[in-house]
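K.L.:
Supplied structure: entry_14.cif, mmCIF, C-alpha atoms.
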```cif
data_my_file
loop_
_atom_site.group_PDB
_atom_site.id
_atom_site.type_symbol
_atom_site.label_atom_id
_atom_site.label_comp_id
_atom_site.auth_asym_id
_atom_site.auth_seq_id
_atom_site.Cartn_x
_atom_site.Cartn_y
_atom_site.Cartn_z
ATOM 1 C CA GLU P 1 21.849 0.519 -5.006
ATOM 2 C CA ILE P 2 20.367 3.234 -7.256
ATOM 3 C CA LEU P 3 16.962 2.679 -8.832
ATOM 4 C CA LYS P 4 16.080 5.133 -11.593
ATOM 5 C CA GLY P 5 12.725 6.067 -13.022
ATOM 6 C CA ALA P 6 9.515 4.109 -12.649
ATOM 7 C CA GLN P 7 11.040 1.040 -10.993
ATOM 8 C CA SER P 8 11.538 3.132 -7.838
ATOM 9 C CA THR P 9 7.775 3.531 -7.306
ATOM 10 C CA LEU P 10 7.829 0.138 -5.605
ATOM 11 C CA TYR P 11 8.976 2.149 -2.575
ATOM 12 C CA GLY P 12 5.938 4.434 -2.521
ATOM 13 C CA SER P 13 4.329 7.428 -4.183
ATOM 14 C CA ASP P 14 7.166 9.814 -3.214
ATOM 15 C CA ALA P 15 9.697 7.739 -5.139
ATOM 16 C CA VAL P 16 8.582 8.415 -8.725
ATOM 17 C CA ALA P 17 11.868 9.993 -9.840
ATOM 18 C CA GLY P 18 14.267 7.510 -8.248
ATOM 19 C CA VAL P 19 15.492 5.834 -5.081
ATOM 20 C CA ILE P 20 18.878 5.445 -3.439
ATOM 21 C CA HIS P 21 18.508 2.146 -1.595
ATOM 22 C CA ILE P 22 20.929 1.980 1.348
ATOM 23 C CA ILE P 23 21.511 -1.601 2.506
ATOM 24 C CA THR P 24 22.312 -1.471 6.203
ATOM 25 C CA ARG P 25 24.181 -3.908 8.394
ATOM 26 C CA LYS P 26 22.800 -7.444 8.194
ATOM 27 C CA GLN P 27 20.183 -8.201 10.814
ATOM 28 C CA SER P 28 21.438 -10.657 13.411
ATOM 29 C CA ASP P 29 19.632 -13.971 13.899
ATOM 30 C CA LYS P 30 20.822 -14.046 17.519
ATOM 31 C CA PRO P 31 18.397 -12.934 20.264
ATOM 32 C CA VAL P 32 20.755 -10.078 21.203
ATOM 33 C CA SER P 33 23.585 -8.512 19.207
ATOM 34 C CA VAL P 34 25.322 -5.355 20.470
ATOM 35 C CA SER P 35 27.341 -2.777 18.526
ATOM 36 C CA GLY P 36 28.915 0.579 19.274
ATOM 37 C CA THR P 37 31.218 3.250 17.908
ATOM 38 C CA ILE P 38 33.237 6.144 19.336
ATOM 39 C CA ALA P 39 34.722 8.897 17.179
ATOM 40 C CA ALA P 40 36.414 12.250 17.708
ATOM 41 C CA GLY P 41 37.371 15.062 15.380
ATOM 42 C CA SER P 42 38.344 18.691 15.090
ATOM 43 C CA PHE P 43 36.571 21.562 16.866
ATOM 44 C CA ASN P 44 36.159 19.309 19.945
ATOM 45 C CA THR P 45 33.682 17.108 18.107
ATOM 46 C CA TYR P 46 32.667 13.757 19.607
ATOM 47 C CA LYS P 47 30.288 11.063 18.434
ATOM 48 C CA VAL P 48 29.125 8.039 20.404
ATOM 49 C CA SER P 49 26.602 5.474 19.222
ATOM 50 C CA ALA P 50 25.324 2.209 20.658
ATOM 51 C CA GLY P 51 22.823 -0.269 19.312
ATOM 52 C CA VAL P 52 21.214 -3.594 19.969
ATOM 53 C CA ASN P 53 19.383 -5.789 17.485
ATOM 54 C CA GLY P 54 18.323 -9.362 17.154
ATOM 55 C CA LYS P 55 15.593 -11.857 16.500
ATOM 56 C CA ILE P 56 13.265 -13.255 19.143
ATOM 57 C CA ALA P 57 11.039 -16.029 17.794
ATOM 58 C CA GLN P 58 9.982 -14.563 14.410
ATOM 59 C CA THR P 59 10.240 -10.905 15.452
ATOM 60 C CA GLN P 60 13.232 -8.855 14.341
ATOM 61 C CA TYR P 61 14.039 -5.668 16.266
ATOM 62 C CA GLN P 62 16.609 -2.884 16.348
ATOM 63 C CA LEU P 63 17.306 -0.147 18.902
ATOM 64 C CA GLN P 64 19.875 2.612 18.377
ATOM 65 C CA TYR P 65 21.156 5.609 20.346
ATOM 66 C CA GLN P 66 23.520 8.312 19.093
ATOM 67 C CA HIS P 67 25.096 11.311 20.780
ATOM 68 C CA LEU P 68 26.912 13.991 18.797
ATOM 69 C CA GLN P 69 28.409 17.185 20.159
ATOM 70 C CA SER P 70 30.867 19.780 18.951
ATOM 71 C CA GLY P 71 32.541 22.866 20.358
ATOM 72 C CA GLY P 72 32.051 24.269 16.867
ATOM 73 C CA PHE P 73 33.262 27.490 15.305
ATOM 74 C CA SER P 74 31.747 30.883 14.591
ATOM 75 C CA ALA P 75 28.967 30.630 12.032
ATOM 76 C CA ALA P 76 29.474 34.320 11.192
ATOM 77 C CA HIS P 77 32.542 35.579 9.345
ATOM 78 C CA ASP P 78 34.678 38.037 11.317
ATOM 79 C CA SER P 79 35.323 40.524 8.506
ATOM 80 C CA SER P 80 36.813 43.038 10.950
ATOM 81 C CA GLY P 81 39.591 40.612 11.846
ATOM 82 C CA LYS P 82 39.323 41.331 15.584
ATOM 83 C CA GLY P 83 38.892 37.648 16.387
ATOM 84 C CA ASP P 84 36.349 38.215 19.149
ATOM 85 C CA PHE P 85 33.482 36.202 17.598
ATOM 86 C CA ASP P 86 32.379 33.392 19.917
ATOM 87 C CA ILE P 87 32.237 29.785 18.769
ATOM 88 C CA ASP P 88 28.866 28.219 17.960
ATOM 89 C CA GLY P 89 28.605 24.613 19.053
ATOM 90 C CA PHE P 90 25.813 22.059 19.145
ATOM 91 C CA ASN P 91 24.638 19.025 21.114
ATOM 92 C CA GLN P 92 22.442 16.301 19.645
ATOM 93 C CA ASN P 93 20.833 13.084 20.917
ATOM 94 C CA VAL P 94 18.883 10.657 18.732
ATOM 95 C CA PHE P 95 17.051 7.458 19.700
ATOM 96 C CA SER P 96 15.486 5.141 17.134
ATOM 97 C CA GLY P 97 13.860 1.737 17.030
ATOM 98 C CA SER P 98 12.185 -0.571 14.540
ATOM 99 C CA PHE P 99 10.682 -4.030 14.357
ATOM 100 C CA GLN P 100 8.965 -6.392 12.000
ATOM 101 C CA THR P 101 7.058 -9.582 12.696
ATOM 102 C CA PRO P 102 5.074 -12.002 10.507
ATOM 103 C CA LEU P 103 1.383 -12.252 11.382
ATOM 104 C CA THR P 104 0.775 -15.009 8.838
ATOM 105 C CA LYS P 105 2.814 -16.697 6.112
ATOM 106 C CA ASN P 106 2.205 -13.818 3.689
ATOM 107 C CA LEU P 107 1.460 -10.875 6.035
ATOM 108 C CA ILE P 108 4.176 -8.832 7.803
ATOM 109 C CA TRP P 109 3.683 -6.055 10.351
ATOM 110 C CA LYS P 110 6.358 -3.346 10.627
ATOM 111 C CA GLY P 111 6.891 -0.430 12.975
ATOM 112 C CA ASN P 112 9.471 2.308 13.495
ATOM 113 C CA MET P 113 10.128 5.306 15.708
ATOM 114 C CA GLN P 114 12.776 8.012 15.965
ATOM 115 C CA PHE P 115 13.115 10.796 18.505
ATOM 116 C CA GLY P 116 15.804 13.442 18.234
ATOM 117 C CA ARG P 117 16.733 16.576 20.146
ATOM 118 C CA TYR P 118 19.489 19.065 19.554
ATOM 119 C CA LYS P 119 20.593 22.466 20.787
ATOM 120 C CA ASN P 120 22.920 24.802 18.947
ATOM 121 C CA ASP P 121 24.272 28.346 19.127
ATOM 122 C CA LEU P 122 23.502 30.872 16.395
ATOM 123 C CA ASP P 123 24.817 34.207 15.177
ATOM 124 C CA ALA P 124 22.852 37.335 14.284
ATOM 125 C CA ALA P 125 23.795 37.331 10.573
ATOM 126 C CA ALA P 126 26.461 36.213 8.125
ATOM 127 C CA PHE P 127 28.900 38.900 9.342
ATOM 128 C CA LEU P 128 27.338 39.738 12.724
ATOM 129 C CA ASP P 129 28.170 37.911 15.940
ATOM 130 C CA GLU P 130 25.653 37.011 18.643
ATOM 131 C CA LYS P 131 26.817 35.488 21.915
ATOM 132 C CA ASP P 132 23.495 34.397 23.437
ATOM 133 C CA PHE P 133 21.292 33.259 20.560
ATOM 134 C CA THR P 134 20.312 29.573 20.834
ATOM 135 C CA ALA P 135 17.991 27.155 19.047
ATOM 136 C CA ASN P 136 16.349 24.024 20.453
ATOM 137 C CA ASN P 137 14.843 21.418 18.154
ATOM 138 C CA THR P 138 12.903 18.234 18.904
ATOM 139 C CA ASN P 139 11.562 15.848 16.296
ATOM 140 C CA LEU P 140 9.393 12.750 16.635
ATOM 141 C CA GLN P 141 8.686 10.344 13.801
ATOM 142 C CA ALA P 142 6.610 7.197 14.197
ATOM 143 C CA GLY P 143 5.177 4.836 11.646
ATOM 144 C CA THR P 144 3.622 1.454 11.104
ATOM 145 C CA GLY P 145 2.781 -0.655 8.097
ATOM 146 C CA LEU P 146 1.462 -3.939 6.774
ATOM 147 C CA GLN P 147 2.786 -5.870 3.792
ATOM 148 C CA TYR P 148 0.953 -8.733 2.122
ATOM 149 C CA LYS P 149 3.090 -10.577 -0.410
ATOM 150 C CA THR P 150 2.654 -13.602 -2.632
ATOM 151 C CA GLU P 151 4.611 -14.810 -5.643
ATOM 152 C CA LYS P 152 2.852 -12.350 -7.995
ATOM 153 C CA PHE P 153 0.999 -9.902 -5.757
ATOM 154 C CA ASN P 154 2.392 -7.351 -3.291
ATOM 155 C CA LEU P 155 0.155 -4.997 -1.260
ATOM 156 C CA GLN P 156 1.482 -2.420 1.229
ATOM 157 C CA ALA P 157 -0.268 -0.050 3.628
ATOM 158 C CA ASN P 158 1.792 2.519 5.559
ATOM 159 C CA TYR P 159 1.118 5.313 8.039
ATOM 160 C CA ASN P 160 3.611 7.861 9.345
ATOM 161 C CA PHE P 161 3.361 10.723 11.851
ATOM 162 C CA ASN P 162 5.908 13.506 12.238
ATOM 163 C CA ARG P 163 5.998 16.250 14.869
ATOM 164 C CA SER P 164 8.726 18.877 14.830
ATOM 165 C CA PHE P 165 9.260 21.678 17.344
ATOM 166 C CA ARG P 166 11.820 24.498 17.041
ATOM 167 C CA SER P 167 12.402 27.215 19.599
ATOM 168 C CA TYR P 168 14.741 30.195 19.160
ATOM 169 C CA LEU P 169 15.772 32.335 22.121
ATOM 170 C CA ASP P 170 17.805 35.535 21.875
ATOM 171 C CA ASP P 171 18.058 36.949 25.417
ATOM 172 C CA SER P 172 20.550 39.576 24.440
ATOM 173 C CA VAL P 173 22.726 40.429 27.371
ATOM 174 C CA TYR P 174 25.192 40.922 24.530
ATOM 175 C CA ILE P 175 23.458 43.100 21.927
ATOM 176 C CA SER P 176 24.810 43.203 18.383
ATOM 177 C CA GLY P 177 21.644 43.129 16.315
ATOM 178 C CA PHE P 178 18.271 44.853 16.084
ATOM 179 C CA ASN P 179 16.511 42.780 18.759
ATOM 180 C CA LYS P 180 17.100 43.304 22.444
ATOM 181 C CA PHE P 181 15.074 40.194 23.226
ATOM 182 C CA SER P 182 13.188 37.723 21.021
ATOM 183 C CA THR P 183 11.561 34.298 21.117
ATOM 184 C CA GLN P 184 10.326 32.265 18.166
ATOM 185 C CA ASP P 185 8.451 28.959 18.403
ATOM 186 C CA TYR P 186 7.447 26.714 15.514
ATOM 187 C CA THR P 187 5.442 23.497 15.800
ATOM 188 C CA GLY P 188 4.723 21.345 12.765
ATOM 189 C CA ARG P 189 2.685 18.158 12.414
ATOM 190 C CA ALA P 190 2.349 15.871 9.432
ATOM 191 C CA HIS P 191 0.273 12.748 8.820
ATOM 192 C CA PHE P 192 0.941 10.529 5.836
ATOM 193 C CA ALA P 193 -0.938 7.370 4.819
ATOM 194 C CA GLU P 194 -0.588 5.345 1.656
ATOM 195 C CA LEU P 195 -1.908 2.153 0.100
ATOM 196 C CA PHE P 196 -0.370 0.671 -3.033
ATOM 197 C CA GLY P 197 -0.012 -2.690 -4.695
ATOM 198 C CA THR P 198 1.726 -4.403 -7.580
ATOM 199 C CA TYR P 199 0.791 -7.384 -9.677
ATOM 200 C CA LYS P 200 3.441 -9.184 -11.702
ATOM 201 C CA PHE P 201 2.162 -10.648 -14.960
ATOM 202 C CA ASN P 202 5.558 -11.997 -16.034
ATOM 203 C CA ASP P 203 9.241 -11.044 -15.969
ATOM 204 C CA ARG P 204 8.610 -8.051 -18.278
ATOM 205 C CA ALA P 205 5.203 -6.727 -17.270
ATOM 206 C CA GLU P 206 3.961 -5.447 -13.931
ATOM 207 C CA PHE P 207 0.944 -3.382 -12.872
ATOM 208 C CA LEU P 208 1.235 -0.793 -10.073
ATOM 209 C CA ALA P 209 -1.561 1.275 -8.496
ATOM 210 C CA GLY P 210 -2.000 3.167 -5.259
ATOM 211 C CA MET P 211 -3.186 6.247 -3.412
ATOM 212 C CA ASP P 212 -2.043 8.385 -0.486
ATOM 213 C CA TYR P 213 -3.395 10.948 1.967
ATOM 214 C CA ARG P 214 -1.441 13.840 3.528
ATOM 215 C CA TRP P 215 -2.319 16.346 6.230
ATOM 216 C CA TYR P 216 -0.090 19.177 7.478
ATOM 217 C CA ASN P 217 -0.487 21.707 10.271
ATOM 218 C CA THR P 218 1.794 24.357 11.771
ATOM 219 C CA ASP P 219 1.629 26.750 14.737
ATOM 220 C CA GLN P 220 4.012 29.705 14.919
ATOM 221 C CA GLN P 221 4.658 32.321 17.567
ATOM 222 C CA PHE P 222 7.043 35.261 17.537
ATOM 223 C CA PHE P 223 7.775 37.927 20.146
ATOM 224 C CA SER P 224 10.523 40.541 20.161
ATOM 225 C CA VAL P 225 11.626 43.706 21.934
ATOM 226 C CA SER P 226 13.774 46.015 19.862
ATOM 227 C CA SER P 227 16.754 48.077 20.973
ATOM 228 C CA TYR P 228 14.549 51.158 20.667
#
```
If you took the structure in this file and wrote it as C-alpha coordinates, what would it be?
P.N.:
Amino acid sequence: EILKGAQSTLYGSDAVAGVIHIITRKQSDKPVSVSGTIAAGSFNTYKVSAGVNGKIAQTQYQLQYQHLQSGGFSAAHDSSGKGDFDIDGFNQNVFSGSFQTPLTKNLIWKGNMQFGRYKNDLDAAAFLDEKDFTANNTNLQAGTGLQYKTEKFNLQANYNFNRSFRSYLDDSVYISGFNKFSTQDYTGRAHFAELFGTYKFNDRAEFLAGMDYRWYNTDQQFFSVSSY
(Lines of atoms letter the chains of each structure in order from A and count residues from 1; the text may use other names and numbers.)
(Lines give C-alpha, C1' and ligand atoms only; values in the text may rest on other atoms or scores of the structure.)
Protein backbone atom coordinates (compact mmCIF):
# COMPACT_ATOMS: atom_id res chain seq x y z
CA GLU A 1 0.00 0.00 0.00
CA ILE A 2 1.46 3.37 -1.06
CA LEU A 3 0.31 6.53 0.70
CA LYS A 4 1.30 9.76 -1.04
CA GLY A 5 1.55 13.26 0.32
CA ALA A 6 -0.01 14.53 3.52
CA GLN A 7 -2.05 11.41 4.31
CA SER A 8 1.22 9.63 5.19
CA THR A 9 1.85 11.92 8.18
CA LEU A 10 -0.44 9.66 10.18
CA TYR A 11 2.69 7.50 10.53
CA GLY A 12 4.79 10.23 12.12
CA SER A 13 6.77 13.38 11.42
CA ASP A 14 9.30 11.60 9.17
CA ALA A 15 6.56 10.53 6.77
CA VAL A 16 5.60 13.90 5.25
CA ALA A 17 6.49 12.96 1.67
CA GLY A 18 4.93 9.49 1.59
CA VAL A 19 4.81 6.01 3.07
CA ILE A 20 5.15 2.52 1.65
CA HIS A 21 3.00 0.47 4.03
CA ILE A 22 4.12 -3.18 4.03
CA ILE A 23 1.41 -5.49 5.37
CA THR A 24 3.15 -8.47 6.94
CA ARG A 25 1.91 -11.97 7.60
CA LYS A 26 -1.33 -12.04 9.58
CA GLN A 27 -0.83 -12.29 13.31
CA SER A 28 -1.90 -15.66 14.67
CA ASP A 29 -4.64 -15.85 17.31
CA LYS A 30 -3.12 -19.09 18.61
CA PRO A 31 -0.88 -18.96 21.71
CA VAL A 32 2.07 -20.25 19.65
CA SER A 33 2.56 -20.30 15.88
CA VAL A 34 5.93 -21.29 14.39
CA SER A 35 7.36 -20.51 10.95
CA GLY A 36 10.68 -20.99 9.21
CA THR A 37 12.45 -20.76 5.87
CA ILE A 38 15.65 -22.13 4.35
CA ALA A 39 17.15 -20.80 1.12
CA ALA A 40 20.38 -21.21 -0.83
CA GLY A 41 21.86 -19.38 -3.79
CA SER A 42 24.98 -18.68 -5.78
CA PHE A 43 28.36 -17.76 -4.27
CA ASN A 44 27.70 -20.27 -1.45
CA THR A 45 24.94 -18.09 -0.04
CA TYR A 46 22.61 -19.49 2.63
CA LYS A 47 19.70 -17.98 4.51
CA VAL A 48 17.87 -19.49 7.47
CA SER A 49 15.08 -17.84 9.41
CA ALA A 50 12.80 -18.99 12.21
CA GLY A 51 10.01 -17.21 14.02
CA VAL A 52 7.33 -17.64 16.61
CA ASN A 53 4.29 -15.46 17.16
CA GLY A 54 0.95 -15.67 18.83
CA LYS A 55 -1.54 -14.21 21.22
CA ILE A 56 -1.61 -14.88 24.95
CA ALA A 57 -4.67 -13.37 26.64
CA GLN A 58 -4.83 -9.93 24.97
CA THR A 59 -1.09 -9.62 24.29
CA GLN A 60 0.22 -10.22 20.78
CA TYR A 61 3.92 -11.03 20.37
CA GLN A 62 6.43 -11.91 17.66
CA LEU A 63 10.00 -13.21 17.84
CA GLN A 64 12.22 -13.69 14.78
CA TYR A 65 15.76 -14.90 14.09
CA GLN A 66 17.60 -14.78 10.77
CA HIS A 67 21.02 -16.00 9.70
CA LEU A 68 22.53 -15.02 6.35
CA GLN A 69 25.98 -15.91 5.08
CA SER A 70 27.75 -15.91 1.75
CA GLY A 71 31.12 -16.99 0.41
CA GLY A 72 30.84 -13.87 -1.73
CA PHE A 73 33.03 -12.60 -4.54
CA SER A 74 35.78 -10.01 -4.87
CA ALA A 75 34.45 -6.52 -4.25
CA ALA A 76 37.39 -5.11 -6.24
CA HIS A 77 37.67 -5.52 -10.01
CA ASP A 78 40.72 -7.48 -11.16
CA SER A 79 41.70 -5.23 -14.07
CA SER A 80 45.02 -7.06 -14.48
CA GLY A 81 43.21 -10.30 -15.28
CA LYS A 82 45.50 -12.39 -13.07
CA GLY A 83 42.56 -13.83 -11.16
CA ASP A 84 44.31 -13.80 -7.79
CA PHE A 85 41.86 -11.48 -5.97
CA ASP A 86 40.37 -13.20 -2.92
CA ILE A 87 36.63 -13.50 -2.41
CA ASP A 88 34.91 -11.20 0.09
CA GLY A 89 32.16 -12.92 2.03
CA PHE A 90 29.94 -11.93 4.93
CA ASN A 91 28.10 -13.44 7.90
CA GLN A 92 25.03 -11.86 9.48
CA ASN A 93 22.72 -12.67 12.41
CA VAL A 94 19.60 -10.68 13.29
CA PHE A 95 17.18 -11.13 16.20
CA SER A 96 13.99 -9.11 16.53
CA GLY A 97 10.91 -9.04 18.71
CA SER A 98 7.76 -7.00 19.17
CA PHE A 99 4.59 -6.98 21.23
CA GLN A 100 1.45 -5.01 21.81
CA THR A 101 -1.08 -5.22 24.61
CA PRO A 102 -4.20 -3.20 25.51
CA LEU A 103 -3.99 -1.40 28.86
CA THR A 104 -7.58 -0.18 28.63
CA LYS A 105 -10.32 -0.25 25.99
CA ASN A 106 -8.80 2.70 24.13
CA LEU A 107 -5.12 2.57 25.19
CA ILE A 108 -2.53 0.23 23.61
CA TRP A 109 1.09 -0.26 24.65
CA LYS A 110 3.61 -1.37 22.01
CA GLY A 111 7.26 -2.36 22.13
CA ASN A 112 9.91 -3.56 19.69
CA MET A 113 13.57 -4.52 19.62
CA GLN A 114 16.08 -5.59 16.98
CA PHE A 115 19.70 -6.63 17.40
CA GLY A 116 21.92 -7.39 14.44
CA ARG A 117 25.56 -8.29 13.94
CA TYR A 118 27.50 -8.94 10.78
CA LYS A 119 31.09 -9.41 9.67
CA ASN A 120 32.35 -8.99 6.13
CA ASP A 121 35.59 -8.87 4.16
CA LEU A 122 36.66 -5.71 2.34
CA ASP A 123 39.10 -4.71 -0.37
CA ALA A 124 41.54 -1.79 -0.39
CA ALA A 125 39.88 0.07 -3.30
CA ALA A 126 37.77 -0.43 -6.41
CA PHE A 127 40.69 -2.02 -8.31
CA LEU A 128 42.95 -2.97 -5.38
CA ASP A 129 42.72 -6.27 -3.53
CA GLU A 130 43.13 -6.69 0.22
CA LYS A 131 43.20 -10.15 1.77
CA ASP A 132 42.93 -9.30 5.48
CA PHE A 133 40.66 -6.26 5.75
CA THR A 134 37.49 -6.97 7.75
CA ALA A 135 34.56 -5.00 9.15
CA ASN A 136 32.39 -5.85 12.15
CA ASN A 137 29.05 -4.14 12.69
CA THR A 138 26.55 -4.37 15.54
CA ASN A 139 23.27 -2.49 15.71
CA LEU A 140 20.67 -2.26 18.46
CA GLN A 141 17.27 -0.66 18.03
CA ALA A 142 14.64 -0.54 20.76
CA GLY A 143 11.41 1.37 21.02
CA THR A 144 8.16 1.69 22.87
CA GLY A 145 4.95 3.59 22.34
CA LEU A 146 1.43 4.30 23.53
CA GLN A 147 -1.63 4.80 21.35
CA TYR A 148 -4.91 6.22 22.59
CA LYS A 149 -7.71 5.90 20.05
CA THR A 150 -11.40 6.71 19.96
CA GLU A 151 -13.84 7.03 17.08
CA LYS A 152 -12.64 10.58 16.24
CA PHE A 153 -9.44 11.10 18.21
CA ASN A 154 -6.08 9.34 17.87
CA LEU A 155 -3.04 10.22 20.03
CA GLN A 156 0.35 8.50 19.75
CA ALA A 157 3.56 8.82 21.76
CA ASN A 158 6.69 6.97 20.61
CA TYR A 159 10.30 6.65 21.74
CA ASN A 160 13.13 4.93 19.89
CA PHE A 161 16.81 4.33 20.71
CA ASN A 162 19.45 3.27 18.20
CA ARG A 163 23.07 2.32 18.87
CA SER A 164 25.38 1.37 16.03
CA PHE A 165 28.99 0.22 16.28
CA ARG A 166 31.36 -0.38 13.34
CA SER A 167 34.92 -1.61 13.61
CA TYR A 168 37.37 -1.93 10.71
CA LEU A 169 40.59 -3.92 11.06
CA ASP A 170 43.33 -4.08 8.43
CA ASP A 171 46.16 -6.17 9.93
CA SER A 172 48.05 -6.34 6.70
CA VAL A 173 50.09 -9.49 6.57
CA TYR A 174 49.25 -9.07 2.89
CA ILE A 175 50.07 -5.47 1.97
CA SER A 176 48.59 -3.96 -1.18
CA GLY A 177 47.64 -0.48 -0.04
CA PHE A 178 49.13 2.48 1.81
CA ASN A 179 48.47 1.20 5.34
CA LYS A 180 50.56 -1.50 6.94
CA PHE A 181 48.14 -1.67 9.86
CA SER A 182 44.97 0.28 10.69
CA THR A 183 41.96 0.20 13.00
CA GLN A 184 38.84 2.36 12.77
CA ASP A 185 36.00 2.39 15.31
CA TYR A 186 32.73 4.28 15.01
CA THR A 187 29.99 4.39 17.65
CA GLY A 188 26.73 6.22 17.02
CA ARG A 189 23.74 6.80 19.29
CA ALA A 190 20.37 8.29 18.46
CA HIS A 191 17.33 9.08 20.58
CA PHE A 192 14.01 9.92 18.98
CA ALA A 193 10.75 10.85 20.72
CA GLU A 194 7.53 12.09 19.19
CA LEU A 195 4.00 12.99 20.21
CA PHE A 196 1.27 13.58 17.65
CA GLY A 197 -2.49 13.38 17.41
CA THR A 198 -5.32 13.60 14.92
CA TYR A 199 -8.91 14.68 15.26
CA LYS A 200 -11.45 13.69 12.63
CA PHE A 201 -14.18 16.26 12.08
CA ASN A 202 -15.91 14.27 9.32
CA ASP A 203 -15.07 12.07 6.34
CA ARG A 204 -13.39 15.00 4.52
CA ALA A 205 -11.72 17.03 7.26
CA GLU A 206 -9.08 16.03 9.78
CA PHE A 207 -6.73 18.00 12.03
CA LEU A 208 -3.17 16.76 12.70
CA ALA A 209 -0.59 18.24 15.09
CA GLY A 210 2.54 16.97 16.78
CA MET A 211 6.14 17.51 17.83
CA ASP A 212 9.33 15.47 18.08
CA TYR A 213 12.73 15.55 19.77
CA ARG A 214 15.99 14.13 18.37
CA TRP A 215 19.44 13.71 19.87
CA TYR A 216 22.51 12.29 18.10
CA ASN A 217 26.01 11.49 19.30
CA THR A 218 29.03 9.81 17.70
CA ASP A 219 32.48 8.70 18.86
CA GLN A 220 35.19 7.93 16.30
CA GLN A 221 38.70 6.57 16.61
CA PHE A 222 41.29 5.94 13.93
CA PHE A 223 44.83 4.55 14.13
CA SER A 224 47.15 3.54 11.31
CA VAL A 225 50.76 2.63 10.59
CA SER A 226 51.89 3.33 7.06
CA SER A 227 54.20 1.25 4.88
CA TYR A 228 56.85 3.92 5.40
K.L.:
Please provide as a PDB file with C-alpha atoms, in the coordinates of the input all residues within 8 Å of Asn93 in chain P, with the sequence filter that same-chain residues fewer than 6 positions apart are discarded (counting only C-alpha atoms).
P.N.:
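See result01.pdb below for the written result:
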```
ATOM      1  CA  TYR P  65      21.156   5.609  20.346  1.00  0.00           C
ATOM      2  CA  GLN P  66      23.520   8.312  19.093  1.00  0.00           C
ATOM      3  CA  HIS P  67      25.096  11.311  20.780  1.00  0.00           C
ATOM      4  CA  LEU P  68      26.912  13.991  18.797  1.00  0.00           C
ATOM      5  CA  GLY P 116      15.804  13.442  18.234  1.00  0.00           C
ATOM      6  CA  ARG P 117      16.733  16.576  20.146  1.00  0.00           C
ATOM      7  CA  TYR P 118      19.489  19.065  19.554  1.00  0.00           C
TER       8      TYR P 118
END
```
K.L.:
Report as a PyMOL selection string the full result of the PyMOL selection byres ((chain P and resi 129) around 10) when it is applied to this structure.
P.N.:
chain P and resi 74-78+84-88+122-128+130-133+174-177
K.L.:
I need the output of the PyMOL selection byres ((chain P and resi 134) around 8) for this file as a short mmCIF file (atom, residue, chain, number, x, y, z; two decimals) with C-alpha atoms, in the frame of the given file; which residues are they?
P.N.:
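result_29.cif, freshly written:
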```
data_model
loop_
_atom_site.label_atom_id
_atom_site.label_comp_id
_atom_site.auth_asym_id
_atom_site.auth_seq_id
_atom_site.Cartn_x
_atom_site.Cartn_y
_atom_site.Cartn_z
CA LYS P 119 20.59 22.47 20.79
CA ASN P 120 22.92 24.80 18.95
CA ASP P 121 24.27 28.35 19.13
CA LEU P 122 23.50 30.87 16.40
CA ASP P 132 23.50 34.40 23.44
CA PHE P 133 21.29 33.26 20.56
CA ALA P 135 17.99 27.16 19.05
CA ASN P 136 16.35 24.02 20.45
CA TYR P 168 14.74 30.20 19.16
CA LEU P 169 15.77 32.34 22.12
CA ASP P 170 17.80 35.53 21.88
#
```
K.L.:
Evaluate the PyMOL selection byres ((chain P and resi 193) around 8) here and jot the selected residues down as JSON, numbers by chain.
P.N.:
{"P": [157, 158, 159, 160, 191, 192, 194, 195, 212, 213, 214]}
K.L.:
Report, in Å to a single decimal, how far apart CA of Thr187 in chain P and CA of Asn217 in chain P are.
P.N.:
8.3 Å
K.L.:
Write out as a PyMOL selection string which residues come within 7 Å of range 223-226 of chain P when counting all atoms listed in the file, dropping same-chain ones fewer than 3 positions away.
P.N.:
chain P and resi 178-184
K.L.:
Just to confirm, what's the straight-line distance from CA of Gly143 in chain P to CA of Phe161 in chain P in Å (one decimal)?
P.N.:
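For CA of Gly143 in chain P relative to CA of Phe161 in chain P, the distance reads 6.2 Å.
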K.L.:
What gap, in Å, lies between CA of Ser98 in chain P and CA of Val16 in chain P?
P.N.:
25.2 Å
K.L.:
Would you please work out which residue, of P:Ser96, P:Gln69, P:Asn112, P:Thr59, is nearest to Ala40 in chain P when using all atoms listed in the file?
P.N.:
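Going through P:Ser96, P:Gln69, P:Asn112, P:Thr59 one by one, the smallest distance to Ala40 in chain P is for P:Gln69.
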K.L.:
For Gly72 in chain P, which residue out of P:Thr45, P:Thr218, P:Asn106, P:Gln58 is the nearest one, using all atoms listed in the file?
P.N.:
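With all atoms listed in the file as the atom set, the closest residue is P:Thr45.
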K.L.:
Which polymer residues have any atom within 10 Å of an atom of Phe115 in chain P, counting only C-alpha atoms, with same-chain residues fewer than 4 positions away left out, as a ChimeraX atom specification?
P.N.:
/P:65,93-97,138-142,162-164
K.L.:
I want to know what sits within 12 Å of Ile108 in chain P, based on only C-alpha atoms, with residues of the same chain fewer than 6 positions away left out; could you give that as a list in words?
P.N.:
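Close residues of Ile108 in chain P: Gln58, Thr59, Gln60, Phe99, Gln100, Thr101, Pro102, Thr144, Gly145, Leu146, Gln147, Tyr148, Lys149, Thr150, Asn154, Leu155, Gln156, Ala157 and Asn158 of chain P.
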